[in-house]
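J.: CSV, C-alpha atoms and all ligand atoms, saved as input-v4.csv, coming up:
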chain,number,residue,atom,x,y,z
A,336,MET,CA,0.0,0.0,0.0
A,337,PRO,CA,1.7,3.3,-1.1
A,338,LEU,CA,1.6,5.8,1.8
A,339,LEU,CA,1.8,9.6,1.7
A,340,ALA,CA,2.1,12.2,4.5
A,341,VAL,CA,2.9,15.8,5.3
A,342,ILE,CA,5.9,16.4,7.5
A,343,GLY,CA,6.1,19.6,9.4
A,344,PHE,CA,6.6,21.2,12.8
A,345,PRO,CA,3.8,22.0,13.6
A,346,ALA,CA,1.6,20.1,11.1
A,347,ALA,CA,-1.3,18.8,13.1
A,348,HIS,CA,-3.8,21.2,11.6
A,349,SER,CA,-2.8,20.6,8.0
A,350,ARG,CA,-5.7,20.3,5.5
A,351,SER,CA,-3.6,18.2,3.2
A,352,PRO,CA,-4.7,14.7,4.5
A,353,ALA,CA,-8.4,15.5,4.0
A,354,MET,CA,-7.8,17.1,0.7
A,355,GLN,CA,-5.5,14.4,-0.7
A,356,ASN,CA,-7.5,11.4,0.6
A,357,ALA,CA,-10.7,12.9,-1.0
A,358,ALA,CA,-8.9,13.1,-4.3
A,359,LEU,CA,-7.4,9.6,-4.0
A,360,GLU,CA,-10.8,8.2,-3.2
A,361,GLU,CA,-12.5,10.0,-6.1
A,362,ARG,CA,-9.9,8.6,-8.6
A,363,GLY,CA,-10.4,5.1,-7.3
A,364,LEU,CA,-6.8,4.9,-5.9
A,365,THR,CA,-8.0,2.9,-3.0
A,366,GLU,CA,-4.7,1.3,-2.2
A,367,TRP,CA,-3.1,4.7,-1.6
A,368,ARG,CA,-3.4,6.4,1.8
A,369,TYR,CA,-2.4,9.9,3.0
A,370,VAL,CA,-1.8,9.3,6.7
A,371,PRO,CA,-2.2,11.9,9.5
A,372,PRO,CA,0.5,14.6,9.7
A,373,ILE,CA,4.0,13.6,10.9
A,374,GLU,CA,5.4,16.2,13.3
A,375,VAL,CA,9.2,16.1,13.7
A,376,ASP,CA,11.5,18.9,14.8
A,377,PRO,CA,14.4,20.0,12.6
A,378,ALA,CA,17.0,17.8,14.4
A,379,HIS,CA,15.0,14.7,13.5
A,380,PHE,CA,13.7,15.6,10.1
A,381,GLU,CA,16.3,14.0,7.8
A,382,ALA,CA,16.3,10.7,9.8
A,383,LYS,CA,12.5,10.6,9.6
A,384,VAL,CA,12.5,11.2,5.8
A,385,ARG,CA,15.1,8.5,5.2
A,386,GLU,CA,13.1,6.1,7.4
A,387,LEU,CA,9.9,6.8,5.3
A,388,ALA,CA,11.8,6.5,2.0
A,389,VAL,CA,12.9,2.9,2.7
A,390,GLY,CA,9.4,1.9,4.1
A,391,ASP,CA,6.0,1.9,2.5
A,392,TYR,CA,5.9,5.6,1.6
A,393,ALA,CA,5.7,6.7,-2.0
A,394,GLY,CA,6.4,10.3,-1.2
A,395,ALA,CA,5.6,13.2,1.1
A,396,ASN,CA,4.7,16.8,1.4
A,397,VAL,CA,7.0,19.0,3.4
A,398,THR,CA,6.0,22.1,5.1
A,399,VAL,CA,7.3,24.8,7.5
A,400,PRO,CA,10.1,24.7,8.7
A,401,HIS,CA,11.6,21.9,6.7
A,402,LYS,CA,11.3,23.0,3.0
A,403,GLU,CA,15.0,24.0,2.7
A,404,ALA,CA,16.2,20.8,4.5
A,405,ALA,CA,14.0,18.7,2.2
A,406,LEU,CA,15.8,20.2,-0.8
A,407,ARG,CA,19.3,19.6,0.8
A,408,LEU,CA,18.7,15.9,1.5
A,409,ALA,CA,17.4,15.1,-2.0
A,410,ASP,CA,19.4,13.0,-4.4
A,411,LEU,CA,17.4,14.3,-7.4
A,412,PRO,CA,16.4,17.9,-6.9
A,413,LYS,CA,14.3,19.4,-9.7
A,414,ARG,CA,15.3,22.7,-11.3
A,415,GLU,CA,12.5,24.8,-9.9
A,416,ALA,CA,13.2,23.5,-6.3
A,417,LEU,CA,16.9,24.4,-6.7
A,418,ALA,CA,16.1,27.9,-8.0
A,419,ILE,CA,13.6,28.6,-5.1
A,420,GLY,CA,15.9,26.9,-2.6
A,421,ALA,CA,13.0,24.9,-1.1
A,422,ALA,CA,11.0,21.7,-1.8
A,423,ASN,CA,7.5,20.9,-0.7
A,424,THR,CA,7.1,17.6,-2.5
A,425,LEU,CA,9.3,14.5,-2.2
A,426,VAL,CA,9.1,11.3,-4.2
A,427,PHE,CA,10.8,8.1,-3.0
A,428,THR,CA,12.1,6.3,-6.1
A,429,ALA,CA,14.5,3.4,-6.7
A,430,GLU,CA,17.1,5.9,-7.8
A,431,GLY,CA,16.8,8.1,-4.7
A,432,ILE,CA,14.8,10.9,-3.3
A,433,GLU,CA,13.3,13.4,-5.8
A,434,ALA,CA,12.5,17.0,-4.6
A,435,HIS,CA,10.0,19.1,-6.3
A,436,ASN,CA,8.5,22.5,-5.6
A,437,THR,CA,4.8,22.7,-6.5
A,438,ASP,CA,4.2,26.0,-4.5
A,439,ALA,CA,5.4,28.0,-7.5
A,440,SER,CA,3.4,26.2,-10.3
A,441,GLY,CA,0.4,26.0,-7.9
A,442,LEU,CA,0.4,29.7,-7.4
A,443,LEU,CA,0.5,30.3,-11.2
A,444,ALA,CA,-2.4,28.0,-11.7
A,445,THR,CA,-4.6,30.2,-9.5
A,446,LEU,CA,-4.2,33.3,-11.8
A,447,PRO,CA,-6.8,34.1,-14.4
A,448,THR,CA,-4.1,34.0,-17.1
A,449,PRO,CA,-0.9,31.9,-17.1
A,450,ARG,CA,1.0,34.4,-19.3
A,451,LEU,CA,2.1,37.5,-17.5
A,452,GLY,CA,4.4,39.0,-20.2
A,453,GLY,CA,4.9,42.7,-19.5
A,454,ARG,CA,2.8,42.8,-16.3
A,455,ARG,CA,4.3,44.1,-13.2
A,456,ALA,CA,4.0,42.1,-10.0
A,457,LEU,CA,4.6,43.0,-6.4
A,458,VAL,CA,5.5,40.3,-3.9
A,459,LEU,CA,5.2,41.2,-0.2
A,460,GLY,CA,7.5,39.2,2.1
A,461,ALA,CA,10.8,37.5,2.0
A,462,GLY,CA,10.3,34.0,3.4
A,463,GLY,CA,9.9,30.7,1.6
A,464,ALA,CA,6.5,31.5,0.2
A,465,ALA,CA,7.9,34.8,-1.2
A,466,ARG,CA,10.7,33.0,-3.0
A,467,ALA,CA,8.3,30.6,-4.7
A,468,ALA,CA,6.0,33.4,-5.7
A,469,VAL,CA,8.9,35.5,-7.1
A,470,TRP,CA,10.2,32.6,-9.1
A,471,ALA,CA,6.7,31.6,-10.4
A,472,LEU,CA,5.7,35.1,-11.5
A,473,SER,CA,9.1,35.7,-13.2
A,474,GLN,CA,8.9,32.4,-15.0
A,475,ALA,CA,5.5,33.5,-16.3
A,476,GLY,CA,7.0,36.7,-17.7
A,477,ALA,CA,6.1,39.3,-15.1
A,478,VAL,CA,8.5,41.9,-14.0
A,479,VAL,CA,8.6,41.3,-10.2
A,480,ASP,CA,9.4,43.7,-7.4
A,481,ILE,CA,9.9,42.6,-3.8
A,482,TRP,CA,9.0,44.5,-0.7
A,483,ASN,CA,9.7,43.3,2.9
A,484,ARG,CA,9.4,45.0,6.3
A,485,THR,CA,13.0,44.1,6.9
A,486,SER,CA,14.5,45.2,3.7
A,487,SER,CA,17.8,43.2,4.1
A,488,ARG,CA,15.7,40.0,3.8
A,489,ALA,CA,14.3,41.2,0.5
A,490,ASP,CA,17.8,41.9,-0.7
A,491,ALA,CA,18.8,38.3,0.1
A,492,VAL,CA,15.8,36.9,-1.9
A,493,TYR,CA,16.8,39.3,-4.7
A,494,ASP,CA,20.4,38.1,-4.7
A,495,GLU,CA,19.6,34.4,-4.5
A,496,LEU,CA,16.9,34.4,-7.2
A,497,GLY,CA,18.6,37.0,-9.4
A,498,GLY,CA,20.9,34.4,-10.9
A,499,TYR,CA,17.9,32.4,-12.2
A,500,VAL,CA,15.3,35.0,-13.2
A,501,GLU,CA,15.2,38.6,-14.3
A,502,LEU,CA,13.8,40.8,-11.6
A,503,GLY,CA,12.4,44.3,-11.8
A,504,GLY,CA,15.0,46.4,-10.1
A,505,ALA,CA,16.2,46.6,-6.5
A,506,PRO,CA,13.8,45.6,-3.7
A,507,VAL,CA,11.4,48.5,-3.3
A,508,GLU,CA,11.1,50.5,-0.1
A,509,THR,CA,7.8,52.3,-1.0
A,510,PRO,CA,6.1,50.6,-3.9
A,511,ARG,CA,3.6,52.6,-5.9
A,512,GLN,CA,0.6,50.3,-5.8
A,513,GLU,CA,-1.0,51.7,-8.9
A,514,ILE,CA,1.7,50.2,-11.2
A,515,TYR,CA,1.1,46.6,-10.2
A,516,GLY,CA,-1.3,44.3,-12.0
A,517,ILE,CA,-0.6,41.5,-9.6
A,518,ILE,CA,0.0,41.8,-5.8
A,519,VAL,CA,0.9,38.7,-3.7
A,520,ASN,CA,0.9,38.9,0.0
A,521,THR,CA,3.2,36.1,1.5
A,522,THR,CA,3.7,37.8,4.9
A,523,SER,CA,1.8,36.6,7.9
A,524,VAL,CA,0.0,40.0,8.2
A,525,GLY,CA,-3.7,39.2,8.7
A,526,LEU,CA,-3.1,35.8,10.3
A,527,HIS,CA,-3.7,37.2,13.8
A,528,GLY,CA,-6.0,40.1,12.8
A,529,GLU,CA,-3.3,42.6,11.9
A,530,ASP,CA,-4.5,45.4,9.6
A,531,PRO,CA,-2.9,45.0,6.1
A,532,PHE,CA,-3.4,48.7,5.5
A,533,THR,CA,-1.2,49.8,8.3
A,534,GLU,CA,1.4,46.9,8.2
A,535,LEU,CA,1.8,46.6,4.5
A,536,PRO,CA,2.5,49.3,1.9
A,537,LEU,CA,-1.0,49.0,0.4
A,538,HIS,CA,-4.0,51.3,0.4
A,539,ARG,CA,-7.6,51.1,-0.6
A,540,GLY,CA,-8.8,52.6,-3.9
A,541,ALA,CA,-6.3,51.0,-6.2
A,542,PHE,CA,-7.3,47.3,-6.5
A,543,ALA,CA,-9.8,47.5,-9.3
A,544,GLU,CA,-8.9,45.1,-12.2
A,545,ARG,CA,-5.9,43.8,-10.4
A,546,VAL,CA,-5.1,40.3,-9.3
A,547,VAL,CA,-4.6,40.1,-5.5
A,548,VAL,CA,-3.4,36.9,-3.9
A,549,ASP,CA,-3.3,36.5,-0.1
A,550,MET,CA,-1.5,33.4,1.1
A,551,VAL,CA,-2.9,33.8,4.6
A,552,TYR,CA,-5.8,31.6,5.1
A,553,GLY,CA,-8.5,31.2,7.7
A,554,ASP,CA,-12.2,30.4,7.7
A,555,ARG,CA,-13.2,33.7,6.2
A,556,PRO,CA,-11.6,36.0,3.6
A,557,SER,CA,-8.8,38.1,4.9
A,558,ALA,CA,-9.3,41.9,5.4
A,559,LEU,CA,-7.0,42.4,2.4
A,560,LEU,CA,-9.0,40.2,0.1
A,561,GLU,CA,-12.3,41.6,1.3
A,562,ALA,CA,-11.2,45.1,0.5
A,563,ALA,CA,-9.7,44.1,-2.9
A,564,ALA,CA,-12.9,42.1,-3.9
A,565,ASP,CA,-15.1,45.1,-2.9
A,566,GLU,CA,-13.2,47.2,-5.5
A,567,GLY,CA,-13.6,44.5,-8.2
A,568,ALA,CA,-10.2,42.8,-8.0
A,569,PHE,CA,-9.7,39.1,-9.0
A,570,THR,CA,-8.9,37.6,-5.6
A,571,VAL,CA,-7.2,34.3,-4.7
A,572,ASP,CA,-6.9,33.0,-1.1
A,573,GLY,CA,-4.4,30.7,0.5
A,574,ILE,CA,-6.7,27.7,0.3
A,575,GLU,CA,-6.9,27.9,-3.5
A,576,VAL,CA,-3.1,28.1,-3.6
A,577,LEU,CA,-3.0,25.0,-1.3
A,578,VAL,CA,-5.4,23.1,-3.5
A,579,GLN,CA,-3.4,23.9,-6.7
A,580,GLN,CA,0.0,23.0,-5.1
A,581,GLY,CA,-1.6,19.8,-3.8
A,582,ALA,CA,-3.1,18.9,-7.1
A,583,ARG,CA,0.4,19.1,-8.7
A,584,SER,CA,1.9,16.9,-5.9
A,585,PHE,CA,-0.9,14.4,-6.4
A,586,GLU,CA,-0.1,14.2,-10.1
A,587,ILE,CA,3.6,13.7,-9.4
A,588,TRP,CA,3.0,10.8,-7.1
A,589,THR,CA,0.2,9.0,-8.8
A,590,GLY,CA,0.5,10.0,-12.5
A,591,GLN,CA,-3.2,11.1,-12.5
A,592,LYS,CA,-4.9,14.5,-12.4
A,593,PRO,CA,-7.1,14.9,-9.4
A,594,ASP,CA,-10.6,16.4,-9.3
A,595,LEU,CA,-10.0,20.0,-8.2
A,596,ASP,CA,-13.5,20.5,-6.9
A,597,VAL,CA,-13.2,17.5,-4.7
A,598,MET,CA,-10.0,18.8,-3.3
A,599,ARG,CA,-11.5,22.3,-2.8
A,600,ALA,CA,-14.5,21.0,-0.9
A,601,ALA,CA,-12.3,18.8,1.4
A,602,ALA,CA,-9.8,21.6,2.0
A,603,ARG,CA,-12.6,24.1,2.9
A,604,ALA,CA,-14.6,21.7,5.0
B,701,LIG,P1,7.4,32.2,5.2
B,701,LIG,O1,6.3,31.6,6.0
B,701,LIG,O2,7.0,32.7,3.9
B,701,LIG,O3,8.6,31.4,5.1
B,701,LIG,P2,8.5,33.8,7.4
B,701,LIG,O4,10.0,33.6,7.3
B,701,LIG,O5,7.7,33.1,8.5
B,701,LIG,O6,7.8,33.6,6.0
B,701,LIG,O7,8.2,35.4,7.5
B,701,LIG,C1,7.0,35.9,7.6
B,701,LIG,C2,6.9,37.2,6.8
B,701,LIG,O8,5.9,38.0,7.3
B,701,LIG,C3,8.2,38.0,6.8
B,701,LIG,O9,8.4,38.6,5.5
B,701,LIG,C4,7.9,39.1,7.8
B,701,LIG,O10,8.7,40.3,7.7
B,701,LIG,P3,10.1,40.4,8.3
B,701,LIG,O11,11.1,39.7,7.5
B,701,LIG,O12,10.3,41.9,8.4
B,701,LIG,O13,10.0,39.8,9.7
B,701,LIG,C5,6.5,39.3,7.5
B,701,LIG,N1,5.7,40.0,8.6
B,701,LIG,C6,5.3,39.4,9.8
B,701,LIG,N2,4.6,40.3,10.5
B,701,LIG,C7,4.7,41.5,9.8
B,701,LIG,C8,4.1,42.8,10.1
B,701,LIG,N3,3.4,43.1,11.2
B,701,LIG,N4,4.3,43.7,9.1
B,701,LIG,C9,5.0,43.5,8.0
B,701,LIG,N5,5.5,42.3,7.7
B,701,LIG,C10,5.4,41.3,8.6
Show me this structure written as structure tokens.
Ligand code: ATR

T.:
Amino acid sequence: MPLLAVIGFPAAHSRSPAMQNAALEERGLTEWRYVPPIEVDPAHFEAKVRELAVGDYAGANVTVPHKEAALRLADLPKREALAIGAANTLVFTAEGIEAHNTDASGLLATLPTPRLGGRRALVLGAGGAARAAVWALSQAGAVVDIWNRTSSRADAVYDELGGYVELGGAPVETPRQEIYGIIVNTTSVGLHGEDPFTELPLHRGAFAERVVVDMVYGDRPSALLEAAADEGAFTVDGIEVLVQQGARSFEIWTGQKPDLDVMRAAARA
């Protein structure tokens, strides 16, 4: 029986098991099972992965804070994972451990158009999710600017990804919101009720006809997405990004495309 799991610290509240099991069942992959989250601290992460790889596991998802370590331990890292510096999907093969990053392609799949040639994008944040977003948007042809509260962290993202993709210019201190067709919030602002319009360099009145993605997810739309939707923006929440990255992982493991609506329903339940 091929097993799958998400490994993180913490990971107990992950929606991936429900979402992936619903998709496996819908596709008739009854011998597959996505088991409850595996919580291991960074000191035990690599040993745990190697144990799974020689057991009944076909692969795994990797989440915070192990995505960089997942890439480092892989025998067969994929190009996008190397560029981003992080992996969220592992496959245990006879040739070794493959590491993929589906956060980037998953984000692109949420956008109304996959081709962004000439459009300007603003990525807020400088953690792992920001790296995946910057890489994805650049690959799709957008000119990407990065803003982060601590600007030195934005500089680091810029330096590391700059060798792989063309970025807009230096990280921006005070972005002019009006020039961006796509805005992606990867910061944790909003997670605990913070006001996006005081913590982030964004203001109301300039969201119409834009695409606004907020990776923060909860049971209701974030304050940022609510404001953007009110003005007529195309909005994408963190659950939709989760579903799309999960769909790509599913396909990598099983070779089949999952039913997205089944995954959405399970992820939002
Ligand atoms: P990730 O989960 O993407 O890996 P992280 O490393 O946990 O990201 O960082 C969270 C992000 O939210 C950071 O970009 C952080 O900014 P700093 O680098 O300046 O710490 C950002 N963030 C958290 N709280 C914030 C706030 N109140 N205002 C602005 N940015 C904030």

J.: Hey, which bits of chain A sit within 12 Å of ligand LIG 701 (chain B), and for each residue what's the closest pair of atoms and how far apart in Å (one decimal), counting all atoms listed in the file, rows by chain and increasing number, as a Markdown table?

T.:
| residue | atom | partner | partner_atom | distance |
| --- | --- | --- | --- | --- |
| A:Thr398 | CA | B:LIG701 | O1 | 9.5 |
| A:Val399 | CA | B:LIG701 | O1 | 7.0 |
| A:Pro400 | CA | B:LIG701 | O3 | 7.8 |
| A:His401 | CA | B:LIG701 | O3 | 10.1 |
| A:Lys402 | CA | B:LIG701 | O3 | 9.1 |
| A:Glu403 | CA | B:LIG701 | O3 | 10.1 |
| A:Ile419 | CA | B:LIG701 | O3 | 11.7 |
| A:Gly420 | CA | B:LIG701 | O3 | 11.5 |
| A:Ala421 | CA | B:LIG701 | O3 | 10.0 |
| A:Asp438 | CA | B:LIG701 | O2 | 11.1 |
| A:Val458 | CA | B:LIG701 | O9 | 10.0 |
| A:Leu459 | CA | B:LIG701 | O9 | 7.0 |
| A:Gly460 | CA | B:LIG701 | O9 | 3.6 |
| A:Ala461 | CA | B:LIG701 | O9 | 4.4 |
| A:Gly462 | CA | B:LIG701 | O3 | 3.5 |
| A:Gly463 | CA | B:LIG701 | O3 | 3.8 |
| A:Ala464 | CA | B:LIG701 | O2 | 3.9 |
| A:Ala465 | CA | B:LIG701 | O2 | 5.6 |
| A:Arg466 | CA | B:LIG701 | O2 | 7.8 |
| A:Ala467 | CA | B:LIG701 | O2 | 8.9 |
| A:Ala468 | CA | B:LIG701 | O2 | 9.7 |
| A:Val469 | CA | B:LIG701 | O2 | 11.5 |
| A:Ile481 | CA | B:LIG701 | O9 | 10.2 |
| A:Trp482 | CA | B:LIG701 | O9 | 8.6 |
| A:Asn483 | CA | B:LIG701 | O9 | 5.5 |
| A:Arg484 | CA | B:LIG701 | O12 | 3.9 |
| A:Thr485 | CA | B:LIG701 | O12 | 3.8 |
| A:Ser486 | CA | B:LIG701 | O12 | 7.1 |
| A:Ser487 | CA | B:LIG701 | O11 | 8.3 |
| A:Arg488 | CA | B:LIG701 | O11 | 5.9 |
| A:Ala489 | CA | B:LIG701 | O11 | 7.8 |
| A:Asp490 | CA | B:LIG701 | O11 | 10.8 |
| A:Ala491 | CA | B:LIG701 | O11 | 10.8 |
| A:Val492 | CA | B:LIG701 | O9 | 10.6 |
| A:Val519 | CA | B:LIG701 | O2 | 11.4 |
| A:Asn520 | CA | B:LIG701 | O8 | 8.9 |
| A:Thr521 | CA | B:LIG701 | O2 | 5.6 |
| A:Thr522 | CA | B:LIG701 | O8 | 3.3 |
| A:Ser523 | CA | B:LIG701 | O8 | 4.4 |
| A:Val524 | CA | B:LIG701 | N2 | 5.2 |
| A:Gly525 | CA | B:LIG701 | N3 | 8.5 |
| A:Leu526 | CA | B:LIG701 | N2 | 8.9 |
| A:His527 | CA | B:LIG701 | N2 | 9.5 |
| A:Gly528 | CA | B:LIG701 | N3 | 10.0 |
| A:Glu529 | CA | B:LIG701 | N3 | 6.8 |
| A:Asp530 | CA | B:LIG701 | N3 | 8.4 |
| A:Pro531 | CA | B:LIG701 | N4 | 7.9 |
| A:Phe532 | CA | B:LIG701 | N4 | 9.9 |
| A:Thr533 | CA | B:LIG701 | N4 | 8.3 |
| A:Glu534 | CA | B:LIG701 | N4 | 4.4 |
| A:Leu535 | CA | B:LIG701 | C9 | 5.7 |
| A:Pro536 | CA | B:LIG701 | C9 | 8.8 |
| A:Leu537 | CA | B:LIG701 | C9 | 11.1 |
| A:Asp549 | CA | B:LIG701 | O2 | 11.7 |
| A:Met550 | CA | B:LIG701 | O2 | 9.0 |
| A:Val551 | CA | B:LIG701 | O1 | 9.6 |

J.: Once you count only C-alpha atoms, which residues end up no further than 9 Å from (-10.2, 45.3, 1.5) in the file's frame, shown as a PyMOL selection string?

T.: chain A and resi 531-532+538-539+542+557-566

J.: Measuring between all atoms listed in the file, which one of A:Gln474, A:Ala456, A:Pro377, A:Ile574 shows the shortest distance to A:Ala600?

T.: A:Ile574

J.: Taking only C-alpha atoms into account, name the residue in A:Glu381, A:Glu366, A:Glu508, A:Asp596 that is nearest to A:Ala404.

T.: A:Glu381

J.: Just checking: using all atoms listed in the file, which residue out of A:Ile587, A:Leu443, A:Val370, A:Val478 ends up closest to A:Met354?

T.: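 Ranked by minimum distance to A:Met354, first place goes to A:Val370.
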
J.: Identify which of the residues A:Asp594, A:Glu415, A:Glu374, A:Asp494 lies closest to A:Val578, counting all atoms listed in the file when measuring atom-to-atom distances.

T.: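 Closest residue, counting all atoms listed in the file: A:Asp594.
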
J.: Using only C-alpha atoms, can you tell me which of A:Gly452, A:Gly540, A:Pro352, A:Pro371 comes closest to A:Gly567?

T.: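 Going through A:Gly452, A:Gly540, A:Pro352, A:Pro371 one by one, the smallest distance to A:Gly567 is for A:Gly540.
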
J.: Counting all atoms listed in the file, which of A:Ala439, A:Val389, A:Leu496, A:Leu595 gets nearest to A:Ala475?

T.: A:Ala439

J.: State, in Å with one decimal place, the distance from atom CA of A:Glu586 to atom CA of A:Leu472.

T.: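 According to the coordinates, atom CA of A:Glu586 and atom CA of A:Leu472 are separated by 21.7 Å.
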
J.: For the atom pair atom CA of A:Ala353 and atom CA of A:Pro593, what is the interatomic distance in Å to one decimal place?

T.: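 Straight-line distance from atom CA of A:Ala353 to atom CA of A:Pro593 works out to 13.5 Å.
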
J.: Near A:Glu513, counting all atoms listed in the file, which residues have an atom at most 9 Å away, once you skip same-chain residues fewer than 3 positions from it, shown as a VMD selection string?

T.: chain A and resid 510 516 541 to 542
